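The next block holds one structure in the form of structure tokens; read it before the comments.
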Amino acid sequence: MLGPLIVGIKGLTLTYEDKVLLQQPLIGGVILFARNYNDVAQLRALVAEIKTLRSPALWVSVDHEGGRVQRFINGFTRLPNLGRLGALYESDPSDALQQTNGWGFCMAQELLAVGVDMSFAPVIDLNKNKLSLIGDRSFHRDADIVTLMAKAWCDGVHRAGMKTCAKHFPGHGDVTVDSHDGLPIDDRSYEEIAADDLIPFKELIKEGVVDAIMPAHIVFPQVDDKPAGFSSIWMQDILRQQCQFKGVIISDDLGMGGAVGMGTYPERLQKALNAGCDLVLLCNDHPGIKECVEAIKVETILDRSESIAELYGHKTG
């Protein structure tokens, strides 16, 4: 049985401490970073070691979007930033869509070849030039172009055999605070958000090309006073009910500045799960991971859905 907590590890190989921690029932997977990568052979060995620790095997993920956010460089194809592909769409839509599909396929194929199960991609926020955190990680400012480009990317990823994860619901492009460092506030009404930022999410859900969605650590006070990933209004009423999303909701990192106001790490984890997140990331704070493992009884939160079992690649209960 695998739990809902996805955690980071410290180095290029598993330490004894890592091995003990990763066998805790609360943990269901690992997210890898540049600190975990030296070359392809080392990565393949590390992933294999992670997956031999448990049965069912732990799930392995990474942020590998291309451009500024690509954790594995040497030995992997250098992926373009999504903004470059969106700019190409303005002059040659057909070529842009074809290239985007191919880049999605390439990304997924190379990761699957070393045993990595998912990249948290694509970014489908709108590039409103307000925050460098998003910027050229986004395909475009226009919601309809983002939708078309993201569908091509997702189709390529699926063609390689990997699941997709769209982020950051309901949209990260209209704030100036970096949620890694603090808590962004977006004062727009729901109607304004729905008429712009939500369009790619809604359309890709309708198209059936999004397997998972990652919410943003942003407060939208006209909708709820909690960050989206801790808000049952956003996660359940809007994403599940209004948008009819049936896939997996994966929180952004509980260690980010935008999550600090939600309490201790165990409190953040419990609140994210209570709000409607199915899986929860805790990437870099190893004492915080231990706090969660020690404080939360896994039996109380292991109500696994079929969609999570499918994402993990096997039945978990």
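To be explicit about the labels: the chains of the structure tokens are called A, B, and onward in the order shown, and within each one the residues are counted from 1, while ligands get numbers from 1 in the order they are shown.
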
Q. Within 10 Å of A:Gln42, counting only C-alpha atoms, which residues qualify if same-chain residues fewer than 6 places away don't, as an MDAnalysis selection string?
A. chainID A and resid 12:13 36 48 114

Q. Quick one: DSSP helix (DSSP H, G or I) residues in stretch 14-177 of chain A, as a ChimeraX atom specification?
A. /A:16-22,34-36,40-51,82-91,93-113,135-137,143-160

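Counting only C-alpha atoms and comparing A:Asp142, A:Asp197, A:Glu65, A:Asp225, the residue that lies closest to A:Leu79 is A:Glu65.
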
Q. Where in stretch 44-86 of chain A does DSSP assign strand (DSSP E or B), given as a VMD selection string?
A. chain A and resid 59 to 62 64 to 66 69 to 70

Can I get the selected residues back with N, CA and C atoms, as a PDB file, in the first residue's frame?
ATOM      1  N   TRP A  59       6.426   5.508  -6.601  1.00  0.00           N
ATOM      2  CA  TRP A  59       6.202   6.273  -7.828  1.00  0.00           C
ATOM      3  C   TRP A  59       7.243   7.374  -7.912  1.00  0.00           C
ATOM      4  N   VAL A  60       7.851   7.588  -9.074  1.00  0.00           N
ATOM      5  CA  VAL A  60       8.954   8.541  -9.219  1.00  0.00           C
ATOM      6  C   VAL A  60       8.554   9.650 -10.188  1.00  0.00           C
ATOM      7  N   SER A  61       8.747  10.905  -9.759  1.00  0.00           N
ATOM      8  CA  SER A  61       8.319  12.058 -10.542  1.00  0.00           C
ATOM      9  C   SER A  61       9.424  13.109 -10.588  1.00  0.00           C
ATOM     10  N   VAL A  62       9.197  14.137 -11.418  1.00  0.00           N
ATOM     11  CA  VAL A  62      10.187  15.207 -11.581  1.00  0.00           C
ATOM     12  C   VAL A  62       9.506  16.403 -12.238  1.00  0.00           C
ATOM     13  N   HIS A  64      10.116  18.552 -15.148  1.00  0.00           N
ATOM     14  CA  HIS A  64      10.973  18.465 -16.336  1.00  0.00           C
ATOM     15  C   HIS A  64      10.196  19.074 -17.503  1.00  0.00           C
ATOM     16  N   GLU A  65       9.949  20.387 -17.386  1.00  0.00           N
ATOM     17  CA  GLU A  65       9.102  21.085 -18.354  1.00  0.00           C
ATOM     18  C   GLU A  65       9.853  21.462 -19.628  1.00  0.00           C
ATOM     19  N   GLY A  66      11.141  21.743 -19.488  1.00  0.00           N
ATOM     20  CA  GLY A  66      11.925  22.352 -20.550  1.00  0.00           C
ATOM     21  C   GLY A  66      12.254  23.789 -20.189  1.00  0.00           C
ATOM     22  N   VAL A  69      13.094  25.113 -16.411  1.00  0.00           N
ATOM     23  CA  VAL A  69      12.762  24.050 -15.458  1.00  0.00           C
ATOM     24  C   VAL A  69      12.949  22.693 -16.128  1.00  0.00           C
ATOM     25  N   GLN A  70      14.192  22.249 -16.131  1.00  0.00           N
ATOM     26  CA  GLN A  70      14.537  20.924 -16.616  1.00  0.00           C
ATOM     27  C   GLN A  70      15.620  20.386 -15.696  1.00  0.00           C
TER      28      GLN A  70
END

Which neighbours of stretch 153-155 of chain A fall inside 8 Å, counting only C-alpha atoms, when residues of the same chain fewer than 4 positions from it are skipped, and could you give them as a JSON list (two decimals) with C-alpha atoms, in the first residue's frame?
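Output below, filename result00.json:
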[["chain", "number", "residue", "atom", "x", "y", "z"],
["A", 100, "THR", "CA", 4.95, 20.80, -29.45],
["A", 101, "ASN", "CA", 3.55, 17.32, -29.83],
["A", 102, "GLY", "CA", 7.02, 16.04, -30.68],
["A", 103, "TRP", "CA", 8.66, 17.76, -27.70],
["A", 104, "GLY", "CA", 6.06, 16.31, -25.34],
["A", 105, "PHE", "CA", 6.74, 12.85, -26.77],
["A", 122, "PRO", "CA", 2.65, 21.15, -18.86],
["A", 149, "MET", "CA", -0.63, 24.06, -27.52],
["A", 159, "ARG", "CA", 1.74, 8.84, -27.21],
["A", 164, "THR", "CA", 0.15, 14.43, -17.79],
["A", 209, "VAL", "CA", -6.02, 14.84, -21.94],
["A", 210, "VAL", "CA", -5.22, 15.83, -18.34]]

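Considering the residues A:Asp278, A:Glu267, A:Asp252, A:Asp178 and counting only C-alpha atoms, A:Val293 has its shortest atom-to-atom contact with A:Glu267.
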
Q | Two-atom distance - atom CA of A:Glu17, atom CA of A:Ile308 (Å) | A |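 Straight-line distance from atom CA of A:Glu17 to atom CA of A:Ile308 works out to 27.0 Å.
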
Q. So how many Å separate atom CA of A:Pro221 and atom CA of A:Leu282, to one decimal?
A.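 Value for the atom CA of A:Pro221-atom CA of A:Leu282 distance: 25.2 Å.
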
If you count only C-alpha atoms, which residues fall within 7 Å of A:Cys165, apart from same-chain ones fewer than 4 positions away, as an mmCIF file with C-alpha atoms, in the first residue's frame?
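Below is the file that was written, selection26.cif:
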data_model
loop_
_atom_site.group_PDB
_atom_site.id
_atom_site.type_symbol
_atom_site.label_atom_id
_atom_site.label_comp_id
_atom_site.auth_asym_id
_atom_site.auth_seq_id
_atom_site.Cartn_x
_atom_site.Cartn_y
_atom_site.Cartn_z
ATOM 1 C CA PHE A 120 4.777 17.669 -13.636
ATOM 2 C CA ALA A 121 3.950 19.301 -16.952
ATOM 3 C CA PRO A 122 2.655 21.147 -18.855
ATOM 4 C CA VAL A 210 -5.215 15.834 -18.345
ATOM 5 C CA ASP A 211 -4.539 13.010 -15.900
ATOM 6 C CA ALA A 212 -3.528 15.158 -12.925
ATOM 7 C CA ILE A 213 -3.789 18.806 -11.907
ATOM 8 C CA MET A 214 -1.575 20.773 -9.509
#

**Q.** Selected residue, from A:Met107, A:Gly161, A:Ser119, A:Lys206, that lies nearest to A:Arg78 when counting only C-alpha atoms
**A.**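 When distances to A:Arg78 are compared using only C-alpha atoms, the smallest one comes from A:Met107.
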
Q.
I'd like the contact shell of A:Ile124 - 7 Å cut-off, only C-alpha atoms, skipping same-chain residues fewer than 2 positions apart - returned as a VMD selection string.
A. chain A and resid 122 126 138 146 150 166 to 167 200

Q) What lies within 9 Å of A:Gly229 using only C-alpha atoms, ignoring chain neighbours under 6 positions off, as a list in words? A) Phe169, Met214, Pro215, Ala216, His217, Ile218, Met235, Ile249, Ile250, Ser251, Asp252, Ala259, Lys271, Ala272, Ala275, Gly276 and Cys277 of chain A

Convert the current residue selection to file output with C-alpha atoms, as an mmCIF file, in the first residue's frame.
data_model
loop_
_atom_site.group_PDB
_atom_site.id
_atom_site.type_symbol
_atom_site.label_atom_id
_atom_site.label_comp_id
_atom_site.auth_asym_id
_atom_site.auth_seq_id
_atom_site.Cartn_x
_atom_site.Cartn_y
_atom_site.Cartn_z
ATOM 1 C CA PHE A 169 -4.889 25.632 -11.088
ATOM 2 C CA MET A 214 -1.575 20.773 -9.509
ATOM 3 C CA PRO A 215 -3.171 23.732 -7.708
ATOM 4 C CA ALA A 216 -1.437 27.025 -6.977
ATOM 5 C CA HIS A 217 -0.446 28.345 -3.555
ATOM 6 C CA ILE A 218 -2.443 31.523 -4.220
ATOM 7 C CA MET A 235 -10.669 21.693 -5.159
ATOM 8 C CA ILE A 249 -5.114 16.398 -7.682
ATOM 9 C CA ILE A 250 -1.453 16.788 -6.637
ATOM 10 C CA SER A 251 -0.567 19.623 -4.266
ATOM 11 C CA ASP A 252 2.353 21.942 -4.906
ATOM 12 C CA ALA A 259 1.920 27.232 2.257
ATOM 13 C CA LYS A 271 -5.460 20.365 5.366
ATOM 14 C CA ALA A 272 -4.432 19.716 1.748
ATOM 15 C CA ALA A 275 -9.505 20.118 0.924
ATOM 16 C CA GLY A 276 -9.404 17.490 -1.818
ATOM 17 C CA CYS A 277 -5.776 16.910 -2.829
#

Q: Would you please work out which residue, of A:Asp125, A:Phe220, A:Ile27, A:Tyr16, is nearest to A:Ile289 when using only C-alpha atoms?
A: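 Looking at the shortest contact to A:Ile289, the residue is A:Ile27.
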
Q) What's the 9 Å shell around A:Arg54, counting only C-alpha atoms, without same-chain residues fewer than 5 positions away, as a list in words? A) Met1, Leu2, Leu22 and Gln23 of chain A

Q | Pick from A:Phe72, A:Phe230, A:Tyr37, A:Phe245, whichever lies nearest to A:Arg268 using only C-alpha atoms | A |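 Of all the options, A:Phe230 lies closest to A:Arg268.
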